[in-house]
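> This one is protein.cif, mmCIF, C-alpha atoms and all ligand atoms.
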data_structure
#
loop_
_atom_site.label_atom_id
_atom_site.label_comp_id
_atom_site.auth_asym_id
_atom_site.auth_seq_id
_atom_site.Cartn_x
_atom_site.Cartn_y
_atom_site.Cartn_z
CA MET W 336 27.73 3.30 1.03
CA GLU W 337 26.70 6.03 -1.39
CA GLY W 338 25.66 3.37 -3.92
CA LYS W 339 23.17 1.79 -1.52
CA CYS W 340 21.90 5.20 -0.52
CA ILE W 341 21.37 6.30 -4.14
CA PHE W 342 19.55 3.03 -4.87
CA THR W 343 17.25 3.64 -1.88
CA TRP W 344 16.75 7.23 -3.02
CA LEU W 345 15.60 6.19 -6.49
CA SER W 346 13.51 3.26 -5.25
CA ARG W 347 11.67 5.56 -2.83
CA GLN W 348 10.62 7.67 -5.80
CA CYS W 349 8.93 4.50 -7.08
CA SER W 350 7.54 3.22 -3.79
CA GLU W 351 7.12 5.97 -1.20
CA VAL W 352 6.58 9.48 -2.58
CA GLU W 353 2.94 10.50 -2.40
CA THR W 354 2.63 13.68 -4.46
CA LYS W 355 4.12 15.28 -7.53
CA ASP W 356 5.79 17.87 -5.27
CA GLU W 357 7.47 15.16 -3.20
CA TYR W 358 8.66 13.43 -6.37
CA ASP W 359 10.17 16.67 -7.73
CA GLN W 360 11.73 17.50 -4.37
CA SER W 361 13.37 14.06 -4.20
CA TYR W 362 14.63 14.48 -7.78
CA ASN W 363 16.18 17.89 -7.05
CA ASP W 364 17.67 16.78 -3.72
CA LEU W 365 19.49 13.90 -5.41
CA LYS W 366 21.01 16.32 -7.92
CA ILE W 367 22.27 18.45 -5.02
CA PHE W 368 23.55 15.34 -3.21
CA LEU W 369 25.65 14.45 -6.25
CA THR W 370 27.45 17.82 -6.05
CA ASN W 371 28.09 17.45 -2.29
CA ARG W 372 31.78 17.68 -1.32
CA ARG W 373 31.81 14.25 0.32
CA THR W 374 30.01 12.63 -2.61
CA CYS W 375 32.51 14.15 -5.05
CA ARG W 376 35.35 12.77 -2.94
CA ASP W 377 33.97 9.21 -2.97
CA LEU W 378 32.44 8.95 -6.45
CA SER W 379 34.12 9.71 -9.76
CA GLN W 380 32.78 12.29 -12.19
CA SER W 381 31.67 9.58 -14.65
CA CYS W 382 29.86 7.67 -11.90
CA ARG W 383 27.94 10.77 -10.76
CA GLN W 384 27.10 11.55 -14.38
CA ALA W 385 25.76 8.01 -14.86
CA VAL W 386 23.49 8.38 -11.81
CA LEU W 387 22.18 11.67 -13.18
CA GLU W 388 21.41 10.05 -16.52
CA LEU W 389 19.70 7.12 -14.82
CA GLN W 390 17.51 9.47 -12.83
CA GLU W 391 16.62 11.43 -15.99
CA ASN W 392 15.72 8.17 -17.69
CA LEU W 393 13.53 7.06 -14.78
CA ARG W 394 11.87 10.46 -14.70
CA SER W 395 10.84 10.10 -18.33
CA LYS W 396 8.79 7.09 -17.12
CA GLU W 397 7.38 8.90 -14.11
CA ALA W 398 3.77 8.15 -15.11
CA LYS W 399 4.51 4.42 -14.91
CA LEU W 400 7.01 4.28 -12.05
CA GLY W 401 6.17 7.23 -9.77
CA ASN W 402 4.47 5.98 -6.62
CA HIS W 403 2.09 8.97 -6.52
CA PHE W 404 0.26 7.61 -9.58
CA ARG W 405 -0.63 4.40 -7.73
CA LEU W 406 -1.84 5.95 -4.48
CA PHE W 407 -5.55 5.39 -5.13
CA LEU W 408 -5.43 2.28 -7.33
CA ARG W 409 -8.11 -0.02 -5.95
CA ASN W 410 -7.02 -3.39 -4.55
CA CYS W 411 -3.40 -3.06 -5.67
CA MET W 412 -2.15 -3.95 -2.15
CA ASP W 413 0.80 -1.55 -2.52
CA ALA W 414 2.16 -3.43 -5.52
CA MET W 415 5.29 -1.65 -6.70
CA THR W 416 5.22 -2.34 -10.41
CA THR W 417 3.29 -3.83 -13.30
CA SER W 418 6.37 -4.18 -15.44
CA PRO W 419 6.11 -5.97 -18.82
CA VAL W 420 9.40 -7.76 -18.08
CA GLU W 421 7.68 -9.76 -15.33
CA SER W 422 6.74 -12.53 -17.77
CA CYS W 423 10.40 -12.97 -18.74
CA ASN W 424 11.43 -12.95 -15.07
CA HIS W 425 8.79 -15.59 -14.46
CA SER W 426 10.31 -17.93 -17.04
CA VAL W 427 13.80 -17.31 -15.64
CA LYS W 428 12.58 -18.33 -12.18
CA HIS W 429 10.26 -21.15 -13.14
CA GLY W 430 11.90 -22.67 -16.21
CA SER W 431 11.49 -22.27 -19.96
CA PHE W 432 8.11 -24.11 -20.00
CA SER W 433 6.38 -21.43 -17.93
CA VAL W 434 4.51 -18.76 -19.88
CA HIS W 435 6.66 -16.00 -21.37
CA SER W 436 6.30 -13.37 -24.09
CA ASN W 437 7.92 -15.43 -26.89
CA MET W 438 5.68 -18.47 -26.48
CA ASN W 439 3.09 -19.22 -29.20
CA LEU W 440 -0.59 -18.62 -28.50
CA ASP W 441 -1.79 -22.27 -28.42
CA MET W 442 0.73 -23.27 -25.84
CA THR W 443 0.25 -20.09 -23.80
CA CYS W 444 -3.55 -20.47 -23.58
CA ALA W 445 -3.32 -24.10 -22.49
CA LYS W 446 -0.79 -23.26 -19.83
CA ILE W 447 -2.77 -20.27 -18.57
CA LEU W 448 -5.90 -22.42 -18.33
CA ASP W 449 -4.08 -25.15 -16.41
CA GLY W 450 -2.56 -22.54 -14.15
CA ALA W 451 -5.95 -20.93 -13.47
CA ASN W 452 -7.53 -24.29 -12.56
CA THR W 453 -4.69 -25.11 -10.21
CA ARG W 454 -4.96 -21.71 -8.55
CA ILE W 455 -8.73 -22.04 -8.09
CA GLN W 456 -8.28 -25.43 -6.43
CA ARG W 457 -5.47 -24.15 -4.23
CA ARG W 458 -7.57 -21.15 -3.24
CA LYS W 459 -10.55 -23.34 -2.43
CA ASN W 460 -8.43 -25.57 -0.20
CA ALA W 461 -6.94 -22.54 1.55
CA ALA W 462 -10.44 -21.11 2.10
CA GLU W 463 -11.63 -24.39 3.66
CA ARG W 464 -8.66 -24.34 6.01
CA GLU W 465 -9.26 -20.69 6.97
CA MET W 466 -12.85 -21.49 7.95
CA ALA W 467 -11.61 -24.08 10.44
CA LYS W 468 -8.80 -21.97 11.88
CA PHE W 469 -8.76 -20.06 15.16
CA ASN W 470 -6.67 -16.94 15.35
CA HIS W 471 -5.03 -16.88 18.77
CA ALA W 472 -2.51 -14.24 17.75
CA SER W 473 -5.04 -11.40 17.71
CA ARG W 474 -7.40 -9.85 20.21
CA GLY W 475 -9.37 -7.96 17.54
CA ILE W 476 -13.13 -8.42 17.50
CA THR W 477 -13.02 -9.35 13.81
CA LYS W 478 -10.46 -12.17 14.26
CA ASP W 479 -12.96 -14.99 13.78
CA VAL W 480 -14.45 -13.48 10.63
CA LEU W 481 -11.43 -12.25 8.67
CA ILE W 482 -8.74 -14.37 7.08
CA MET W 483 -5.42 -14.38 8.94
CA LYS W 484 -3.67 -11.94 6.64
CA GLY W 485 -6.55 -9.44 6.80
CA GLN W 486 -6.65 -9.56 10.59
CA ARG W 487 -2.90 -8.93 10.77
CA LEU W 488 -3.34 -5.80 8.67
CA VAL W 489 -6.26 -4.63 10.79
CA ASP W 490 -4.25 -5.17 14.01
CA ARG W 491 -1.31 -3.23 12.66
CA GLU W 492 -3.41 -0.25 11.61
CA HIS W 493 -5.37 -0.38 14.86
CA ASP W 494 -2.23 -0.32 17.04
CA ASP W 495 -0.41 2.29 14.98
CA ARG W 496 -3.31 4.74 15.27
CA LEU W 497 -2.06 5.54 18.79
CA LYS W 498 1.01 7.24 17.35
CA TYR W 499 -1.12 9.89 15.65
CA CYS W 500 -2.79 13.15 16.66
CA CYS W 501 -6.08 14.28 15.17
CA VAL W 502 -8.06 17.50 15.05
CA GLN W 503 -11.50 18.22 13.65
CA ILE W 504 -11.36 21.20 11.30
CA ASP W 505 -15.09 21.60 10.68
CA ALA W 506 -18.25 19.50 10.57
CA ASP W 507 -16.95 17.18 7.84
CA ASN W 508 -13.16 17.42 7.90
CA PHE W 509 -10.30 16.20 10.08
CA ILE W 510 -6.52 16.34 9.92
CA VAL W 511 -4.26 13.58 11.29
CA TRP W 512 -0.49 13.68 11.71
CA ASN W 513 2.50 12.19 13.45
CA PHE W 514 5.76 14.15 13.46
CA GLU W 515 7.43 13.02 16.67
CA ASN W 516 7.23 9.26 16.61
CA GLU W 517 8.36 8.66 13.06
CA ASP W 518 10.58 5.59 12.83
CA LEU W 519 13.49 6.44 10.56
CA GLY W 520 15.23 3.09 11.00
CA GLU W 521 18.74 2.19 12.06
CA MET W 522 20.46 2.94 8.80
CA ASN W 523 19.18 6.48 8.68
CA LYS W 524 21.39 7.75 11.45
CA GLU W 525 24.56 8.82 9.69
CA TRP W 526 25.72 10.32 6.41
CA PRO W 527 24.81 9.68 3.59
CA TRP W 528 21.49 8.30 4.91
CA THR W 529 20.78 11.62 6.62
CA GLU W 530 20.59 13.20 3.16
CA LEU W 531 17.63 11.09 2.00
CA PRO W 532 14.55 13.29 1.66
CA ARG W 533 11.77 12.56 4.17
CA PHE W 534 8.37 14.13 4.27
CA HIS W 535 6.20 15.09 7.20
CA ARG W 536 2.69 14.37 6.02
CA VAL W 537 -0.59 15.74 7.30
CA ARG W 538 -3.50 13.51 6.29
CA THR W 539 -6.84 15.06 5.52
CA LEU W 540 -9.99 13.06 6.16
CA ALA W 541 -13.43 13.99 4.90
CA LEU W 542 -16.92 12.71 5.57
CA ARG W 543 -18.87 12.36 2.35
CA SER W 544 -22.38 11.30 1.38
CA HIS W 545 -23.43 9.67 -1.88
CA CYS W 546 -26.95 8.43 -2.69
CA GLY W 547 -27.87 8.48 0.99
CA LYS W 548 -24.80 6.51 2.07
CA HIS W 549 -22.00 7.96 4.14
CA PHE W 550 -18.28 7.43 3.76
CA ILE W 551 -15.04 8.64 5.21
CA THR W 552 -12.07 9.23 2.90
CA CYS W 553 -8.40 9.72 3.73
CA SER W 554 -5.71 11.36 1.59
CA CYS W 555 -3.27 8.46 2.20
CA GLY W 556 -5.22 6.13 -0.14
CA PHE W 557 -4.62 3.02 2.03
CA ARG W 558 -8.35 2.24 2.22
CA GLU W 559 -8.60 2.17 -1.57
CA ARG W 560 -5.43 0.14 -2.10
CA VAL W 561 -5.94 -2.44 0.61
CA GLY W 562 -9.64 -2.47 1.49
CA ILE W 563 -9.13 -1.95 5.23
CA PRO W 564 -9.52 1.35 7.12
CA CYS W 565 -6.21 3.17 7.54
CA ARG W 566 -4.64 4.13 10.88
CA HIS W 567 -5.76 7.74 10.35
CA MET W 568 -9.41 6.73 10.05
CA LEU W 569 -9.08 4.56 13.15
CA CYS W 570 -7.45 7.49 14.96
CA VAL W 571 -10.47 9.69 14.13
CA LEU W 572 -12.89 6.89 15.02
CA GLY W 573 -11.18 6.26 18.36
CA GLY W 574 -10.05 2.74 17.42
CA GLU W 575 -13.56 1.43 16.82
CA VAL W 576 -13.40 -1.55 14.44
CA GLU W 577 -16.30 -3.44 12.95
CA ILE W 578 -16.54 -6.10 10.31
CA SER W 579 -18.57 -3.87 7.97
CA MET W 580 -15.52 -1.60 7.62
CA MET W 581 -13.50 -4.29 5.81
CA ASP W 582 -13.80 -5.08 2.13
CA VAL W 583 -15.64 -8.35 1.70
CA ARG W 584 -12.57 -9.90 0.06
CA TRP W 585 -10.96 -10.16 3.51
CA TRP W 586 -13.87 -12.18 4.89
CA LYS W 587 -13.43 -15.91 5.44
CA ALA W 588 -16.98 -16.47 4.19
CA PHE W 589 -16.23 -14.68 0.93
CA HIS W 590 -13.24 -16.90 0.27
CA LYS W 591 -15.26 -19.99 1.14
CA HIS W 592 -18.07 -19.12 -1.25
CA TYR W 593 -15.91 -17.53 -3.93
CA GLY W 594 -16.61 -19.15 -7.29
CA GLU W 595 -19.83 -20.81 -6.12
CA GLU W 596 -22.08 -18.13 -7.63
CA SER W 597 -22.95 -16.93 -4.16
CA LYS W 598 -24.34 -13.41 -3.91
CA ILE W 599 -22.51 -12.82 -0.67
CA GLY W 600 -20.45 -9.96 -2.10
CA GLU W 601 -23.54 -8.00 -3.07
CA THR W 602 -25.22 -8.12 0.30
CA PHE W 603 -22.76 -6.01 2.24
CA GLN W 604 -22.24 -2.32 1.94
CA ILE W 605 -19.52 -0.42 3.67
CA SER W 606 -20.70 2.51 5.72
CA PHE W 607 -18.66 4.41 8.25
CA TYR W 608 -21.32 6.90 9.15
CA GLN W 609 -22.70 5.02 12.13
CA HIS W 610 -19.20 4.60 13.50
CA TYR W 611 -18.52 8.27 13.03
CA MET W 612 -21.78 9.23 14.76
CA LYS W 613 -20.76 7.31 17.87
CA PHE W 614 -17.74 9.50 18.27
CA THR W 615 -18.99 12.93 17.32
CA ASP W 616 -19.32 13.81 21.01
CA MET W 617 -15.56 13.50 21.34
CA PHE W 618 -15.04 16.46 19.05
CA ARG W 619 -17.64 18.85 20.39
ZN ZN Q 701 -5.14 7.35 5.93
#
Here is the file; what I need is its structure written in the form of structure tokens.
Ligand SMILES: [Zn+2]

Amino acid sequence: MEGKCIFTWLSRQCSEVETKDEYDQSYNDLKIFLTNRRTCRDLSQSCRQAVLELQENLRSKEAKLGNHFRLFLRNCMDAMTTSPVESCNHSVKHGSFSVHSNMNLDMTCAKILDGANTRIQRRKNAAEREMAKFNHASRGITKDVLIMKGQRLVDREHDDRLKYCCVQIDADNFIVWNFENEDLGEMNKEWPWTELPRFHRVRTLALRSHCGKHFITCSCGFRERVGIPCRHMLCVLGGEVEISMMDVRWWKAFHKHYGEESKIGETFQISFYQHYMKFTDMFR
């Protein structure tokens, strides 16, 4: 039981912590956990020492593994790692003829080119299918314009906004939080899962202007990573959703025209200001 818990503890440092303070807190709490009476009873001294050393080792790679460094990476879709061992894993999964780090350059380039062509064709076919699809699973107003995956993300953020409270601090700033309705999951109910560090987070949202355009930013970074407004923005905006809020890469039309030298991506600009203006009365 402790083994699974320690694994979750360390993996959360790589996938869930959002600030340097949270990372350090998690690191210190694990050290304390390893000196806990119950932990000492169940795990040997050498085992606890090995966990400590592993954590030290991981911490020396904090800049690569710590989740807080990836919070605002554009379009990363919450990817957890960009590990150099992925190419070796790829050849383990897909056979020795797939590209890996020991392959010579001629062979690698040919394989990469073939792979790229196949992917482009596959993507084109998928885009054609998306254009002809109807999304009956969603009631969102963007369901006919966004690809299925994008609409699912929008629906999730839209529904989850209801779990949050928001307050306007001044003309340009809001805070959004949810302390009561946090879902801690089944496994978090008894020791040692109760020892895992959890963080109550207050999101700060700001209205900003740049070159005459208006934007809203949120401290969670979801908008940057995924290209869809986060639940905190939708909470502030009262659930208003419009197609111009979504990155163009979620649009069916973008996928359809992708690679055909269309200028479709340049013709849309994302502006939240008009949506914000609609709801300013709510906060007066
Ligand atoms: Zn947010």
> How far is it from CA of Asn470 (chain W) to CA of Gly574 (chain W), in Å with one decimal?
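Distance reported for this atom pair: 20.1 Å.
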> Restricting the calculation to only C-alpha atoms, which member of W:Leu531, W:Val576, W:Met483, W:Cys444 is positioned closest to Lys339 (chain W)?
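Comparing W:Leu531, W:Val576, W:Met483, W:Cys444 against Lys339 (chain W), the winner is W:Leu531.
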> I'd like to know which of W:Ala398, W:Cys553, W:Met580, W:Ala588 is closest to ligand ZN 701 (chain Q), using all atoms listed in the file.
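Using all atoms listed in the file, ligand ZN 701 (chain Q) sits closest to W:Cys553.
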> Please indicate the distance in Å from CA of Glu492 (chain W) to CA of Arg457 (chain W), rounded to one decimal place.
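Computing the Euclidean distance for CA of Glu492 (chain W) and CA of Arg457 (chain W) yields 28.7 Å.
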> For each of W:Ile476, W:Leu365, W:Ala506, W:Val561, take the minimum atom-to-atom distance to Arg347 (chain W), counting all atoms listed in the file, then give the residue where this is smallest.
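Residue with the minimum atom-to-atom distance to Arg347 (chain W): W:Leu365.
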> Distance limit 9 Å, reference ligand ZN 701 (chain Q), atoms considered: all atoms listed in the file. Which residues make the cut? Give them as a list in words.
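Final answer, ordered by chain and number: Val511, Arg538, Thr539, Leu540, Thr552, Cys553, Ser554, Cys555, Gly556, Phe557, Arg558, Pro564, Cys565, Arg566, His567, Met568 and Leu569 of chain W.
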> Expressed in Å to a single decimal, how great is the separation between CA of His592 (chain W) and CA of Lys548 (chain W)?
26.7 Å
> Kindly indicate which residue among W:Glu525, W:Glu391, W:Asp449, W:Asp495 lies nearest to Asn363 (chain W), using only C-alpha atoms for the distances.
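Nearest to Asn363 (chain W): W:Glu391.
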> Using all atoms listed in the file, can you tell me which of W:Ile551, W:Val571, W:Leu448, W:Cys349 comes closest to Gln503 (chain W)?
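Closest to Gln503 (chain W), using all atoms listed in the file: W:Val571.
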> Hey, can you pull every residue with an atom no more than 8 Å from (-3.6, 15.0, 14.2), using only C-alpha atoms, and send it as a list in words?
Tyr499, Cys500, Cys501, Val502, Phe509, Ile510, Val511, Trp512, Asn513 and Val537 of chain W
> Restricting the output to C-alpha atoms, write the selected residues as a PDB file, in the frame of the given file.

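Below you can see part-v3.pdb, which holds the result:
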ATOM      1  CA  TYR W 499      -1.120   9.890  15.650  1.00  0.00           C
ATOM      2  CA  CYS W 500      -2.790  13.150  16.660  1.00  0.00           C
ATOM      3  CA  CYS W 501      -6.080  14.280  15.170  1.00  0.00           C
ATOM      4  CA  VAL W 502      -8.060  17.500  15.050  1.00  0.00           C
ATOM      5  CA  PHE W 509     -10.300  16.200  10.080  1.00  0.00           C
ATOM      6  CA  ILE W 510      -6.520  16.340   9.920  1.00  0.00           C
ATOM      7  CA  VAL W 511      -4.260  13.580  11.290  1.00  0.00           C
ATOM      8  CA  TRP W 512      -0.490  13.680  11.710  1.00  0.00           C
ATOM      9  CA  ASN W 513       2.500  12.190  13.450  1.00  0.00           C
ATOM     10  CA  VAL W 537      -0.590  15.740   7.300  1.00  0.00           C
TER      11      VAL W 537
END
> First collect every listed atom of region 438-448 of chain W; then fit an axis-aligned box around them, widen it by 3 Å on each side, and give centre and edge lengths in Å to one decimal, as AutoDock Vina command-line options.

--center_x -0.1 --center_y -21.3 --center_z -23.8 --size_x 17.6 --size_y 11.6 --size_z 16.9
> With all atoms listed in the file as the basis for distance, which of W:Gln456, W:Thr529, W:Thr370, W:Gln360 is at the shortest distance from Arg383 (chain W)?
W:Thr370
> So that I can see what lies close to Lys478 (chain W), please list as number ranges by chain the residues with an atom at most 10 Å from it, counting all atoms listed in the file and leaving out residues fewer than 6 positions away in the same chain.
W: 469-472, 485-487, 489-490, 578, 586
> Find the residues around Phe368 (chain W) up to 12 Å (all atoms listed in the file counted), leave out those fewer than 6 positions away in its own chain, and share them as a ChimeraX atom specification.
/W:337,340-341,344,361-362,374-375,378,383,386-387,526-532
